[in-house]
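Asks: What follows is the file structure.cif, containing mmCIF, C-alpha atoms:
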```
data_coords
#
loop_
_atom_site.label_atom_id
_atom_site.label_comp_id
_atom_site.auth_asym_id
_atom_site.auth_seq_id
_atom_site.Cartn_x
_atom_site.Cartn_y
_atom_site.Cartn_z
CA MET A 163 -18.59 -44.92 -31.74
CA LYS A 164 -17.54 -48.20 -30.26
CA ILE A 165 -15.69 -50.95 -32.10
CA LEU A 166 -16.00 -53.55 -29.36
CA LEU A 167 -16.92 -56.62 -31.36
CA THR A 168 -16.30 -60.18 -30.36
CA THR A 169 -16.16 -63.41 -32.30
CA ILE A 170 -19.52 -64.43 -30.83
CA LEU A 171 -21.57 -62.10 -33.00
CA CYS A 172 -19.55 -62.96 -36.09
CA LEU A 173 -20.33 -66.63 -35.50
CA LEU A 174 -24.01 -65.86 -35.04
CA LEU A 175 -23.97 -64.01 -38.36
CA CYS A 176 -22.10 -66.68 -40.30
CA LEU A 177 -23.21 -70.07 -38.95
CA PRO A 178 -25.90 -72.15 -40.70
CA ALA A 179 -29.58 -71.59 -40.04
CA LEU A 180 -29.64 -74.12 -37.20
CA ALA A 181 -27.65 -71.68 -35.04
CA ASP A 182 -30.63 -69.30 -35.12
CA GLN A 183 -32.98 -71.80 -33.51
CA GLN A 184 -34.32 -71.18 -30.04
CA THR A 185 -33.29 -73.23 -27.04
CA THR A 186 -35.73 -76.04 -26.27
CA VAL A 187 -37.53 -75.41 -22.97
CA LEU A 188 -39.77 -78.25 -21.82
CA GLN A 189 -42.19 -78.10 -18.87
CA GLU A 190 -42.37 -80.54 -15.99
CA ASN A 191 -44.93 -80.61 -13.19
CA VAL A 192 -43.35 -81.38 -9.81
CA THR A 193 -43.93 -81.06 -6.07
CA LEU A 194 -41.56 -78.83 -4.08
CA GLY A 195 -42.23 -79.44 -0.41
CA LYS A 196 -45.71 -77.98 0.18
CA ALA A 197 -45.87 -76.35 -3.24
CA SER A 198 -46.96 -77.64 -6.62
CA ALA A 199 -44.82 -76.30 -9.45
CA ALA A 200 -44.70 -76.09 -13.21
CA LEU A 201 -40.99 -75.81 -13.98
CA PRO A 202 -39.00 -75.24 -17.17
CA PHE A 203 -36.54 -77.92 -18.23
CA ILE A 204 -33.80 -77.20 -20.76
CA ASP A 205 -33.16 -79.96 -23.28
CA GLY A 206 -31.20 -80.62 -26.48
CA SER A 207 -28.32 -78.20 -25.90
CA ASN A 208 -24.76 -78.85 -27.06
CA ASP A 209 -23.31 -79.48 -23.59
CA ALA A 210 -25.07 -82.03 -21.40
CA ALA A 211 -23.02 -81.11 -18.31
CA TYR A 212 -23.91 -77.40 -18.53
CA GLU A 213 -27.51 -78.32 -19.23
CA LYS A 214 -27.60 -80.42 -16.05
CA GLN A 215 -26.13 -77.54 -14.02
CA LEU A 216 -28.75 -75.11 -15.30
CA ASN A 217 -31.67 -77.47 -14.68
CA ALA A 218 -30.41 -77.95 -11.13
CA LEU A 219 -30.26 -74.17 -10.70
CA ILE A 220 -33.84 -73.89 -11.96
CA ARG A 221 -35.02 -76.44 -9.37
CA GLN A 222 -33.02 -74.74 -6.60
CA THR A 223 -34.46 -71.29 -7.43
CA ALA A 224 -38.04 -72.56 -7.55
CA THR A 225 -37.60 -74.44 -4.27
CA GLY A 226 -36.30 -71.33 -2.49
CA LEU A 227 -39.16 -69.25 -3.88
CA ALA A 228 -41.75 -71.77 -2.67
CA LYS A 229 -40.27 -71.68 0.83
CA GLU A 230 -40.42 -67.88 0.82
CA VAL A 231 -44.22 -67.91 0.47
CA GLY A 232 -44.76 -71.06 2.56
CA GLY A 233 -46.00 -73.40 -0.17
CA GLY A 234 -48.77 -72.69 -2.64
CA SER A 235 -47.75 -72.89 -6.29
CA VAL A 236 -44.85 -71.90 -8.51
CA ASP A 237 -45.12 -70.99 -12.18
CA TYR A 238 -42.77 -69.48 -14.75
CA GLN A 239 -42.53 -67.45 -17.96
CA VAL A 240 -39.81 -67.61 -20.61
CA LYS A 241 -38.84 -63.96 -21.08
CA LEU A 242 -35.88 -64.45 -23.46
CA ASN A 243 -35.03 -67.40 -25.70
CA ARG A 244 -31.94 -67.31 -27.89
CA PRO A 245 -29.59 -70.02 -29.24
CA SER A 246 -27.34 -69.78 -26.17
CA LEU A 247 -29.30 -67.68 -23.64
CA VAL A 248 -32.55 -68.26 -21.77
CA SER A 249 -34.13 -65.95 -19.19
CA LEU A 250 -36.90 -67.14 -16.89
CA LEU A 251 -39.27 -65.37 -14.51
CA PHE A 252 -40.61 -67.45 -11.59
CA THR A 253 -43.68 -66.50 -9.57
CA ALA A 254 -44.61 -68.21 -6.29
CA THR A 255 -48.11 -67.63 -4.94
CA ASN A 256 -49.69 -68.69 -1.64
CA GLY A 257 -52.87 -66.78 -0.90
CA GLU A 258 -51.93 -63.11 -0.73
CA ARG A 259 -48.23 -63.88 -0.52
CA VAL A 260 -46.38 -63.48 -3.84
CA ALA A 261 -42.65 -63.69 -4.55
CA TYR A 262 -40.65 -63.35 -7.76
CA ALA A 263 -37.25 -64.56 -8.95
CA GLY A 264 -35.48 -64.27 -12.28
CA LEU A 265 -32.78 -66.41 -13.86
CA ASN A 266 -30.59 -65.47 -16.83
CA LEU A 267 -29.01 -68.71 -18.03
CA ASP A 268 -26.00 -69.03 -20.34
CA LEU A 269 -25.84 -72.40 -22.11
CA THR A 270 -22.20 -71.82 -23.08
CA THR A 271 -21.01 -71.60 -19.45
CA GLY A 272 -23.63 -73.47 -17.42
CA LYS A 273 -23.99 -70.40 -15.21
CA GLU A 274 -26.10 -67.28 -14.79
CA PHE A 275 -25.18 -64.24 -16.85
CA THR A 276 -25.57 -60.70 -15.57
CA VAL A 277 -26.01 -57.24 -17.03
CA THR A 278 -22.32 -56.44 -16.45
CA ASP A 279 -21.43 -59.13 -19.00
CA PHE A 280 -22.95 -56.92 -21.70
CA PHE A 281 -21.74 -53.47 -20.65
CA VAL A 282 -18.31 -51.89 -20.92
CA ASP A 283 -18.05 -51.05 -17.22
CA LYS A 284 -20.11 -50.80 -14.03
CA GLU A 285 -20.43 -47.02 -14.17
CA GLN A 286 -22.21 -47.20 -17.51
CA VAL A 287 -24.50 -49.90 -16.14
CA GLN A 288 -25.46 -47.59 -13.30
CA GLN A 289 -25.98 -44.65 -15.63
CA ALA A 290 -28.13 -46.61 -18.06
CA LEU A 291 -30.29 -48.58 -15.66
CA GLY A 292 -30.21 -46.72 -12.34
CA ASP A 293 -30.65 -48.51 -9.01
CA TYR A 294 -31.75 -52.15 -9.03
CA ASP A 295 -31.28 -55.40 -7.12
CA LYS A 296 -31.39 -57.75 -10.11
CA VAL A 297 -31.97 -57.57 -13.86
CA LEU A 298 -33.98 -60.00 -15.97
CA PHE A 299 -33.26 -60.04 -19.69
CA ALA A 300 -36.29 -60.19 -22.00
CA GLU A 301 -37.02 -60.19 -25.73
CA GLU A 302 -37.08 -56.40 -26.06
CA GLY A 303 -35.27 -55.08 -22.98
CA PHE A 304 -34.40 -55.41 -19.29
CA TYR A 305 -36.84 -55.87 -16.42
CA LEU A 306 -35.48 -54.48 -13.14
CA GLN A 307 -36.17 -55.82 -9.66
CA GLU A 308 -35.72 -53.24 -6.91
CA ARG A 309 -35.65 -55.69 -3.98
CA LYS A 310 -35.24 -59.43 -3.49
CA TYR A 311 -38.47 -61.36 -4.20
CA GLY A 312 -40.14 -58.15 -5.41
CA ALA A 313 -41.77 -57.70 -8.79
CA TYR A 314 -39.71 -56.85 -11.87
CA ALA A 315 -41.65 -53.64 -12.28
CA ASN A 316 -39.32 -51.35 -14.24
CA PHE A 317 -38.51 -51.85 -17.92
CA VAL A 318 -35.66 -50.44 -20.07
CA PRO A 319 -35.63 -51.23 -23.84
CA TYR A 320 -32.35 -52.55 -25.23
CA ASN A 321 -32.38 -49.87 -27.88
CA LYS A 322 -32.18 -47.13 -25.26
CA VAL A 323 -28.93 -48.45 -23.82
CA LEU A 324 -27.29 -49.95 -26.89
CA ASP A 325 -24.62 -47.24 -27.05
CA HIS A 326 -23.34 -48.41 -23.64
CA MET A 327 -23.20 -52.09 -24.54
CA ARG A 328 -20.54 -54.33 -26.01
CA ILE A 329 -21.99 -54.68 -29.50
CA GLY A 330 -20.67 -58.19 -30.04
CA GLU A 331 -22.39 -59.35 -26.87
CA ALA A 332 -25.55 -57.39 -27.67
CA GLY A 333 -25.95 -59.59 -30.73
CA ARG A 334 -26.50 -62.58 -28.46
CA ILE A 335 -29.61 -61.08 -26.90
CA MET A 336 -31.05 -58.79 -29.57
CA GLN A 337 -32.59 -59.76 -32.89
CA VAL A 338 -30.27 -58.50 -35.63
CA ALA A 339 -31.50 -57.65 -39.14
CA ARG A 340 -28.81 -58.86 -41.58
CA LEU A 341 -28.31 -57.17 -44.94
CA THR A 342 -25.89 -57.27 -47.88
CA ALA A 343 -25.30 -55.03 -50.89
CA ALA A 344 -28.38 -56.67 -52.43
CA ALA A 345 -30.39 -54.25 -50.24
CA SER A 346 -29.53 -51.50 -52.74
CA GLY A 347 -32.66 -49.59 -53.77
CA LYS A 348 -34.86 -51.63 -51.45
CA THR A 349 -36.70 -51.00 -48.17
CA LEU A 350 -36.19 -52.78 -44.85
CA VAL A 351 -39.33 -52.68 -42.68
CA LEU A 352 -38.80 -53.17 -38.94
CA ALA A 353 -41.55 -53.62 -36.37
CA LYS A 354 -39.52 -51.67 -33.82
CA PRO A 355 -36.16 -49.87 -33.43
CA GLY A 356 -33.16 -52.16 -33.28
CA LEU A 357 -29.83 -53.39 -34.57
CA LEU A 358 -28.74 -53.97 -38.19
CA ALA A 359 -25.68 -55.79 -39.50
CA LEU A 360 -24.47 -54.98 -43.02
CA LYS A 361 -22.21 -57.69 -44.50
CA LEU A 362 -20.19 -56.19 -47.36
CA ALA A 363 -17.16 -57.27 -49.43
CA SER A 364 -14.11 -55.25 -48.43
CA ASN A 365 -10.32 -55.15 -48.63
CA PRO A 366 -8.97 -52.86 -45.87
CA SER A 367 -5.34 -53.44 -46.93
CA THR A 368 -6.03 -51.10 -49.87
CA GLY A 369 -7.19 -48.32 -47.57
CA TYR A 370 -10.80 -48.70 -48.69
CA SER A 371 -13.63 -49.32 -46.22
CA TRP A 372 -17.38 -48.82 -46.03
CA HIS A 373 -18.76 -45.53 -44.71
CA MET A 374 -22.36 -44.91 -43.67
CA SER A 375 -24.38 -41.71 -43.76
CA ALA A 376 -28.08 -41.24 -43.01
CA ASP A 377 -30.54 -38.42 -43.50
CA LYS A 378 -31.35 -38.42 -39.76
CA ALA A 379 -29.16 -38.71 -36.67
CA THR A 380 -31.28 -41.52 -35.20
CA VAL A 381 -29.45 -44.04 -37.41
CA VAL A 382 -26.05 -44.53 -35.75
CA ARG A 383 -23.07 -46.68 -36.65
CA VAL A 384 -22.10 -48.44 -33.42
CA GLY A 385 -19.34 -50.81 -34.48
CA SER A 386 -17.63 -52.82 -37.22
CA THR A 387 -15.39 -55.81 -37.79
CA PHE A 388 -13.64 -57.61 -40.66
CA ILE A 389 -13.67 -61.32 -41.45
CA ILE A 390 -11.05 -63.01 -43.64
CA PRO A 391 -12.33 -66.01 -45.65
CA ARG A 392 -11.36 -69.21 -43.88
CA GLU A 393 -9.51 -70.68 -46.85
CA GLU A 394 -7.44 -67.52 -47.23
CA GLU A 395 -6.76 -67.37 -43.50
CA GLU A 396 -5.41 -70.91 -43.58
CA ARG A 397 -2.98 -69.96 -46.36
CA MET A 398 -1.95 -66.86 -44.38
CA ALA A 399 -2.70 -64.74 -47.46
CA THR A 400 -2.55 -60.97 -47.19
CA GLY A 401 -4.54 -58.28 -48.96
CA VAL A 402 -7.44 -60.58 -49.77
CA VAL A 403 -11.04 -59.50 -50.09
CA GLY A 404 -13.04 -60.40 -47.01
CA THR A 405 -16.28 -59.33 -45.35
CA GLU A 406 -16.68 -56.08 -43.45
CA ILE A 407 -19.61 -56.10 -41.04
CA LEU A 408 -21.04 -52.76 -39.99
CA PHE A 409 -23.52 -52.47 -37.14
CA LEU A 410 -26.19 -49.77 -37.22
CA ASN A 411 -28.56 -48.83 -34.42
CA VAL A 412 -31.92 -47.41 -35.51
CA GLN A 413 -33.07 -45.59 -32.40
CA GLU A 414 -36.57 -44.29 -33.16
CA PRO A 415 -39.64 -45.09 -35.32
CA GLY A 416 -39.65 -43.34 -38.69
CA THR A 417 -38.42 -43.56 -42.29
CA TYR A 418 -34.70 -43.22 -43.01
CA LYS A 419 -32.51 -43.27 -46.11
CA VAL A 420 -29.08 -44.80 -45.59
CA GLN A 421 -26.19 -44.18 -47.99
CA MET A 422 -23.24 -46.58 -48.09
CA GLU A 423 -19.93 -45.64 -49.76
CA TYR A 424 -16.81 -47.74 -50.28
CA LYS A 425 -13.92 -45.30 -50.26
CA ARG A 426 -10.71 -44.16 -48.65
CA PRO A 427 -11.32 -41.71 -45.75
CA TRP A 428 -9.11 -39.04 -47.31
CA GLU A 429 -10.76 -39.21 -50.75
CA ARG A 430 -14.08 -37.79 -51.91
CA ILE A 431 -14.62 -40.23 -54.78
CA SER A 432 -16.05 -43.61 -53.81
CA LEU A 433 -15.20 -46.88 -55.53
CA ASP A 434 -18.70 -48.22 -54.93
CA LYS A 435 -21.91 -46.96 -53.33
CA PHE A 436 -25.52 -47.85 -52.79
CA SER A 437 -28.46 -46.74 -50.68
CA PHE A 438 -31.50 -48.32 -49.06
CA THR A 439 -34.43 -47.23 -46.92
CA ILE A 440 -35.36 -48.26 -43.39
CA VAL A 441 -38.94 -47.97 -42.14
CA VAL A 442 -39.46 -48.50 -38.41
CA LYS A 443 -43.12 -48.89 -37.51
CA GLY A 444 -43.26 -48.79 -33.71
CA ALA A 445 -41.37 -48.16 -30.48
#
```
Would you write the structure of this file as structure tokens?

Replies:
Amino acid sequence: MKILLTTILCLLLCLPALADQQTTVLQENVTLGKASAALPFIDGSNDAAYEKQLNALIRQTATGLAKEVGGGSVDYQVKLNRPSLVSLLFTATNGERVAYAGLNLDLTTGKEFTVTDFFVDKEQVQQALGDYDKVLFAEEGFYLQERKYGAYANFVPYNKVLDHMRIGEAGRIMQVARLTAAASGKTLVLAKPGLLALKLASNPSTGYSWHMSADKATVVRVGSTFIIPREEEERMATGVVGTEILFLNVQEPGTYKVQMEYKRPWERISLDKFSFTIVVKGA
């Protein structure tokens, strides 16, 4: 079990609804040398300088791809769109000549992000994904390019490699189902396997914390963190009730019952408990 959480995911879980909105990607039709191109254009982000850098990188990538095939046309697909991350797949076509390029853009840095930003170390990247030249992030997993300008032919679902990832960073690219104790006695229906975040009142200074058990091993706790209320943090108060966030990975389709208990690890009796059901429809 990994407890490798960062403030990024906590912010994503706690900010107002606007933080969940997708990045705005406009389209502009341009000429790149001998090629006509439909290009994405990022707009409305929080940092105009970073936005400018990324739009310049988009133009540079498309221009290089057009030169590779000697003209023709360039088109694109948005493969991932999150509040701070956008991944784009470019395709240049000139007769029988076809070339591909992917860009993973981070709106918080104005640069490309890579798969190593989301894994603990390079060895685990290699183990999880195998050999590749470049990775393109998508809504449900990674597309792998074996050689420069080649197709992104291989696909690895995020859920299959989640145990190797930094969970806090994973929350930036994966959709996260958010629950509270109000889920007690209810059923969460998911279209596919994925990541859950349980937000529960907790006071770890008393020795109590939330413990998860499931009727099947395909529901795995992969991390946790604790958030102190801002007003209490400012007063430097100790022993206050805050929010414990537990992250669960549901790995396979099926129906699962999850039991949550608020207790001390060395005691059998729980101070509070509840259960809920997860139904995962597809892979």

Asks: Using the chain letters and numbering of this document, enumerate as a PDB file with C-alpha atoms, in the frame of the given file the residues selected by the PyMOL selection byres ((chain A and resi 364-367) around 9).

Replies:
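Here's the written file result.pdb:
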```pdb
ATOM      1  CA  LEU A 362     -20.190 -56.190 -47.360  1.00  0.00           C
ATOM      2  CA  ALA A 363     -17.160 -57.270 -49.430  1.00  0.00           C
ATOM      3  CA  THR A 368      -6.030 -51.100 -49.870  1.00  0.00           C
ATOM      4  CA  GLY A 369      -7.190 -48.320 -47.570  1.00  0.00           C
ATOM      5  CA  TYR A 370     -10.800 -48.700 -48.690  1.00  0.00           C
ATOM      6  CA  SER A 371     -13.630 -49.320 -46.220  1.00  0.00           C
ATOM      7  CA  TRP A 372     -17.380 -48.820 -46.030  1.00  0.00           C
ATOM      8  CA  PHE A 388     -13.640 -57.610 -40.660  1.00  0.00           C
ATOM      9  CA  THR A 400      -2.550 -60.970 -47.190  1.00  0.00           C
ATOM     10  CA  GLY A 401      -4.540 -58.280 -48.960  1.00  0.00           C
ATOM     11  CA  VAL A 402      -7.440 -60.580 -49.770  1.00  0.00           C
ATOM     12  CA  VAL A 403     -11.040 -59.500 -50.090  1.00  0.00           C
ATOM     13  CA  GLY A 404     -13.040 -60.400 -47.010  1.00  0.00           C
ATOM     14  CA  THR A 405     -16.280 -59.330 -45.350  1.00  0.00           C
ATOM     15  CA  GLU A 406     -16.680 -56.080 -43.450  1.00  0.00           C
ATOM     16  CA  TYR A 424     -16.810 -47.740 -50.280  1.00  0.00           C
TER      17      TYR A 424
END
```

Asks: Between atom CA of Pro415 of chain A and atom CA of Gln307 of chain A, what is the spacing in Å?

Replies: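 According to the coordinates, atom CA of Gln307 of chain A and atom CA of Pro415 of chain A are separated by 28.0 Å.
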
Asks: Run the PyMOL selection byres ((chain A and resi 312) around 9) mentally over the shown coordinates, then write out the matched residues as a PyMOL selection string, using the chain letters and numbers from the document.

Replies: chain A and resi 260-263+307-311+313-315

Asks: Enclose the full set of atoms of segment 335-346 of chain A listed in the file within a box whose edges lie along x, y and z, apply 8 Å of padding to each of the six sides, and report centre and edge lengths in Å to one decimal as AutoDock Vina command-line options.

Replies:
```
--center_x -28.9 --center_y -56.3 --center_z -39.8 --size_x 23.3 --size_y 25.6 --size_z 41.8
```

Asks: Hey, what's within 12 Å of Leu216 of chain A if we count all atoms listed in the file and toss same-chain stuff fewer than 4 positions away? As a ChimeraX atom specification, please?

Replies: /A:187,202-205,207,209-212,220-223,247-250,265-275

Asks: Can you translate the PyMOL selection byres ((chain A and resi 373-387) around 8) into the concrete residues it hits in this file, as a PyMOL selection string?

Replies: chain A and resi 163-167+325+329+371-372+388-389+406-414+418-425

Asks: As an exercise, work out the distance from atom CA of Gly444 of chain A to atom CA of Lys348 of chain A in Å and give it to one decimal place.

Replies: 19.8 Å

Asks: Rounded to one decimal, what separation in Å do you get between atom CA of Leu194 of chain A and atom CA of Gly234 of chain A?

Replies: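 Interatomic distance here is 9.6 Å.
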
Asks: Counting all atoms listed in the file, what is within 8 Å of Ala199 of chain A, bar same-chain residues fewer than 2 positions away, as a PDB file with C-alpha atoms, keeping the file's coordinate frame?

Replies:
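File out-v9.pdb, as written:
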```pdb
ATOM      1  CA  ASN A 191     -44.930 -80.610 -13.190  1.00  0.00           C
ATOM      2  CA  VAL A 192     -43.350 -81.380  -9.810  1.00  0.00           C
ATOM      3  CA  THR A 193     -43.930 -81.060  -6.070  1.00  0.00           C
ATOM      4  CA  LEU A 194     -41.560 -78.830  -4.080  1.00  0.00           C
ATOM      5  CA  ALA A 197     -45.870 -76.350  -3.240  1.00  0.00           C
ATOM      6  CA  LEU A 201     -40.990 -75.810 -13.980  1.00  0.00           C
ATOM      7  CA  ALA A 224     -38.040 -72.560  -7.550  1.00  0.00           C
ATOM      8  CA  SER A 235     -47.750 -72.890  -6.290  1.00  0.00           C
ATOM      9  CA  VAL A 236     -44.850 -71.900  -8.510  1.00  0.00           C
ATOM     10  CA  ASP A 237     -45.120 -70.990 -12.180  1.00  0.00           C
TER      11      ASP A 237
END
```

Asks: Give me, as a list in words, all polymer residues having an atom no more than 6 Å from segment 276-284 of chain A, counting all atoms listed in the file and skipping those fewer than 3 positions away in the same chain.

Replies: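 Result of the neighbour search: Val287, Met327, Arg328 and Glu331 of chain A.
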
Asks: Go ahead and save the residues from that selection, with C-alpha atoms, as an mmCIF file, in the frame of the given file.

Replies:
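After the write, again35.cif holds the following:
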```cif
data_model
loop_
_atom_site.group_PDB
_atom_site.id
_atom_site.type_symbol
_atom_site.label_atom_id
_atom_site.label_comp_id
_atom_site.auth_asym_id
_atom_site.auth_seq_id
_atom_site.Cartn_x
_atom_site.Cartn_y
_atom_site.Cartn_z
ATOM 1 C CA VAL A 287 -24.500 -49.900 -16.140
ATOM 2 C CA MET A 327 -23.200 -52.090 -24.540
ATOM 3 C CA ARG A 328 -20.540 -54.330 -26.010
ATOM 4 C CA GLU A 331 -22.390 -59.350 -26.870
#
```

Asks: Restricting the calculation to only C-alpha atoms, which member of A:Gly232, A:Gly303, A:Gly347, A:Pro245 is positioned closest to Gly257 of chain A?

Replies: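 Closest to Gly257 of chain A, using only C-alpha atoms: A:Gly232.
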
Asks: Go through A:Asn316, A:Asn321, A:Thr439, A:Gln288 one by one, measure the shortest atom-to-atom distance of each to Val351 of chain A using only C-alpha atoms, and give the residue with the smallest value.

Replies: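 Looking only at the distances to Val351 of chain A, the closest residue turns out to be A:Thr439.
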
Asks: Rank A:Thr255, A:Ser246, A:Asn217, A:Thr186 by their smallest atom-to-atom distance to Lys229 of chain A, using all atoms listed in the file, and report the top residue only.

Replies: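 Comparing A:Thr255, A:Ser246, A:Asn217, A:Thr186 against Lys229 of chain A, the winner is A:Thr255.
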
Asks: Counting only C-alpha atoms, figure out which residue out of A:Asp434, A:Gln239, A:Asn208, A:Leu251 gets nearest to Leu188 of chain A.

Replies: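 Selected residue with least distance to Leu188 of chain A: A:Gln239.
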
Asks: Select, from A:Lys354, A:Gly264, A:Val240, A:Gly226, the residue with the minimum atom-to-atom distance to Leu306 of chain A, counting only C-alpha atoms.

Replies: A:Gly264

Asks: With all heavy atoms as the goal, would you fill in the gaps in segment 295-303 of chain A and present it as a PDB file, in the coordinates of the input?

Replies:
```
ATOM      1  N   ASP A 295     -31.834 -54.265  -7.839  1.00  0.00           N
ATOM      2  CA  ASP A 295     -31.280 -55.400  -7.120  1.00  0.00           C
ATOM      3  C   ASP A 295     -30.852 -56.488  -8.105  1.00  0.00           C
ATOM      4  O   ASP A 295     -29.777 -57.063  -7.973  1.00  0.00           O
ATOM      5  CB  ASP A 295     -32.295 -55.969  -6.122  1.00  0.00           C
ATOM      6  CG  ASP A 295     -31.738 -57.146  -5.347  1.00  0.00           C
ATOM      7  OD1 ASP A 295     -30.859 -56.922  -4.498  1.00  0.00           O
ATOM      8  OD2 ASP A 295     -32.162 -58.300  -5.598  1.00  0.00           O
ATOM      9  N   LYS A 296     -31.706 -56.736  -9.099  1.00  0.00           N
ATOM     10  CA  LYS A 296     -31.390 -57.750 -10.110  1.00  0.00           C
ATOM     11  C   LYS A 296     -32.066 -57.385 -11.422  1.00  0.00           C
ATOM     12  O   LYS A 296     -33.095 -56.721 -11.444  1.00  0.00           O
ATOM     13  CB  LYS A 296     -31.854 -59.135  -9.634  1.00  0.00           C
ATOM     14  CG  LYS A 296     -31.283 -60.276 -10.454  1.00  0.00           C
ATOM     15  CD  LYS A 296     -31.534 -61.626  -9.811  1.00  0.00           C
ATOM     16  CE  LYS A 296     -30.892 -62.738 -10.650  1.00  0.00           C
ATOM     17  NZ  LYS A 296     -31.122 -64.076 -10.055  1.00  0.00           N
ATOM     18  N   VAL A 297     -31.460 -57.845 -12.509  1.00  0.00           N
ATOM     19  CA  VAL A 297     -31.970 -57.570 -13.860  1.00  0.00           C
ATOM     20  C   VAL A 297     -32.385 -58.879 -14.511  1.00  0.00           C
ATOM     21  O   VAL A 297     -31.688 -59.892 -14.406  1.00  0.00           O
ATOM     22  CB  VAL A 297     -30.888 -56.877 -14.719  1.00  0.00           C
ATOM     23  CG1 VAL A 297     -31.312 -56.831 -16.172  1.00  0.00           C
ATOM     24  CG2 VAL A 297     -30.641 -55.473 -14.211  1.00  0.00           C
ATOM     25  N   LEU A 298     -33.525 -58.850 -15.194  1.00  0.00           N
ATOM     26  CA  LEU A 298     -33.980 -60.000 -15.970  1.00  0.00           C
ATOM     27  C   LEU A 298     -34.008 -59.596 -17.438  1.00  0.00           C
ATOM     28  O   LEU A 298     -34.670 -58.630 -17.817  1.00  0.00           O
ATOM     29  CB  LEU A 298     -35.374 -60.435 -15.518  1.00  0.00           C
ATOM     30  CG  LEU A 298     -35.951 -61.657 -16.246  1.00  0.00           C
ATOM     31  CD1 LEU A 298     -35.135 -62.906 -15.914  1.00  0.00           C
ATOM     32  CD2 LEU A 298     -37.411 -61.866 -15.867  1.00  0.00           C
ATOM     33  N   PHE A 299     -33.282 -60.321 -18.261  1.00  0.00           N
ATOM     34  CA  PHE A 299     -33.260 -60.040 -19.690  1.00  0.00           C
ATOM     35  C   PHE A 299     -34.549 -60.554 -20.332  1.00  0.00           C
ATOM     36  O   PHE A 299     -35.052 -61.622 -19.977  1.00  0.00           O
ATOM     37  CB  PHE A 299     -32.069 -60.728 -20.348  1.00  0.00           C
ATOM     38  CG  PHE A 299     -30.750 -60.100 -20.028  1.00  0.00           C
ATOM     39  CD1 PHE A 299     -30.184 -60.201 -18.760  1.00  0.00           C
ATOM     40  CD2 PHE A 299     -30.055 -59.397 -20.994  1.00  0.00           C
ATOM     41  CE1 PHE A 299     -28.971 -59.623 -18.466  1.00  0.00           C
ATOM     42  CE2 PHE A 299     -28.827 -58.816 -20.714  1.00  0.00           C
ATOM     43  CZ  PHE A 299     -28.284 -58.923 -19.450  1.00  0.00           C
ATOM     44  N   ALA A 300     -35.081 -59.802 -21.305  1.00  0.00           N
ATOM     45  CA  ALA A 300     -36.290 -60.190 -22.000  1.00  0.00           C
ATOM     46  C   ALA A 300     -36.107 -59.985 -23.497  1.00  0.00           C
ATOM     47  O   ALA A 300     -35.040 -59.570 -23.958  1.00  0.00           O
ATOM     48  CB  ALA A 300     -37.489 -59.402 -21.481  1.00  0.00           C
ATOM     49  N   GLU A 301     -37.136 -60.270 -24.283  1.00  0.00           N
ATOM     50  CA  GLU A 301     -37.020 -60.190 -25.730  1.00  0.00           C
ATOM     51  C   GLU A 301     -36.680 -58.774 -26.205  1.00  0.00           C
ATOM     52  O   GLU A 301     -35.931 -58.600 -27.157  1.00  0.00           O
ATOM     53  CB  GLU A 301     -38.328 -60.656 -26.388  1.00  0.00           C
ATOM     54  CG  GLU A 301     -38.610 -62.135 -26.231  1.00  0.00           C
ATOM     55  CD  GLU A 301     -37.611 -63.012 -26.988  1.00  0.00           C
ATOM     56  OE1 GLU A 301     -37.130 -62.576 -28.052  1.00  0.00           O
ATOM     57  OE2 GLU A 301     -37.321 -64.120 -26.521  1.00  0.00           O
ATOM     58  N   GLU A 302     -37.231 -57.761 -25.557  1.00  0.00           N
ATOM     59  CA  GLU A 302     -37.080 -56.400 -26.060  1.00  0.00           C
ATOM     60  C   GLU A 302     -36.354 -55.464 -25.094  1.00  0.00           C
ATOM     61  O   GLU A 302     -36.160 -54.290 -25.405  1.00  0.00           O
ATOM     62  CB  GLU A 302     -38.447 -55.817 -26.403  1.00  0.00           C
ATOM     63  CG  GLU A 302     -39.150 -56.599 -27.510  1.00  0.00           C
ATOM     64  CD  GLU A 302     -40.467 -55.993 -27.904  1.00  0.00           C
ATOM     65  OE1 GLU A 302     -40.823 -54.937 -27.337  1.00  0.00           O
ATOM     66  OE2 GLU A 302     -41.140 -56.557 -28.771  1.00  0.00           O
ATOM     67  N   GLY A 303     -35.966 -55.953 -23.922  1.00  0.00           N
ATOM     68  CA  GLY A 303     -35.270 -55.080 -22.980  1.00  0.00           C
ATOM     69  C   GLY A 303     -35.056 -55.749 -21.640  1.00  0.00           C
ATOM     70  O   GLY A 303     -35.237 -56.962 -21.479  1.00  0.00           O
TER      71      GLY A 303
END
```
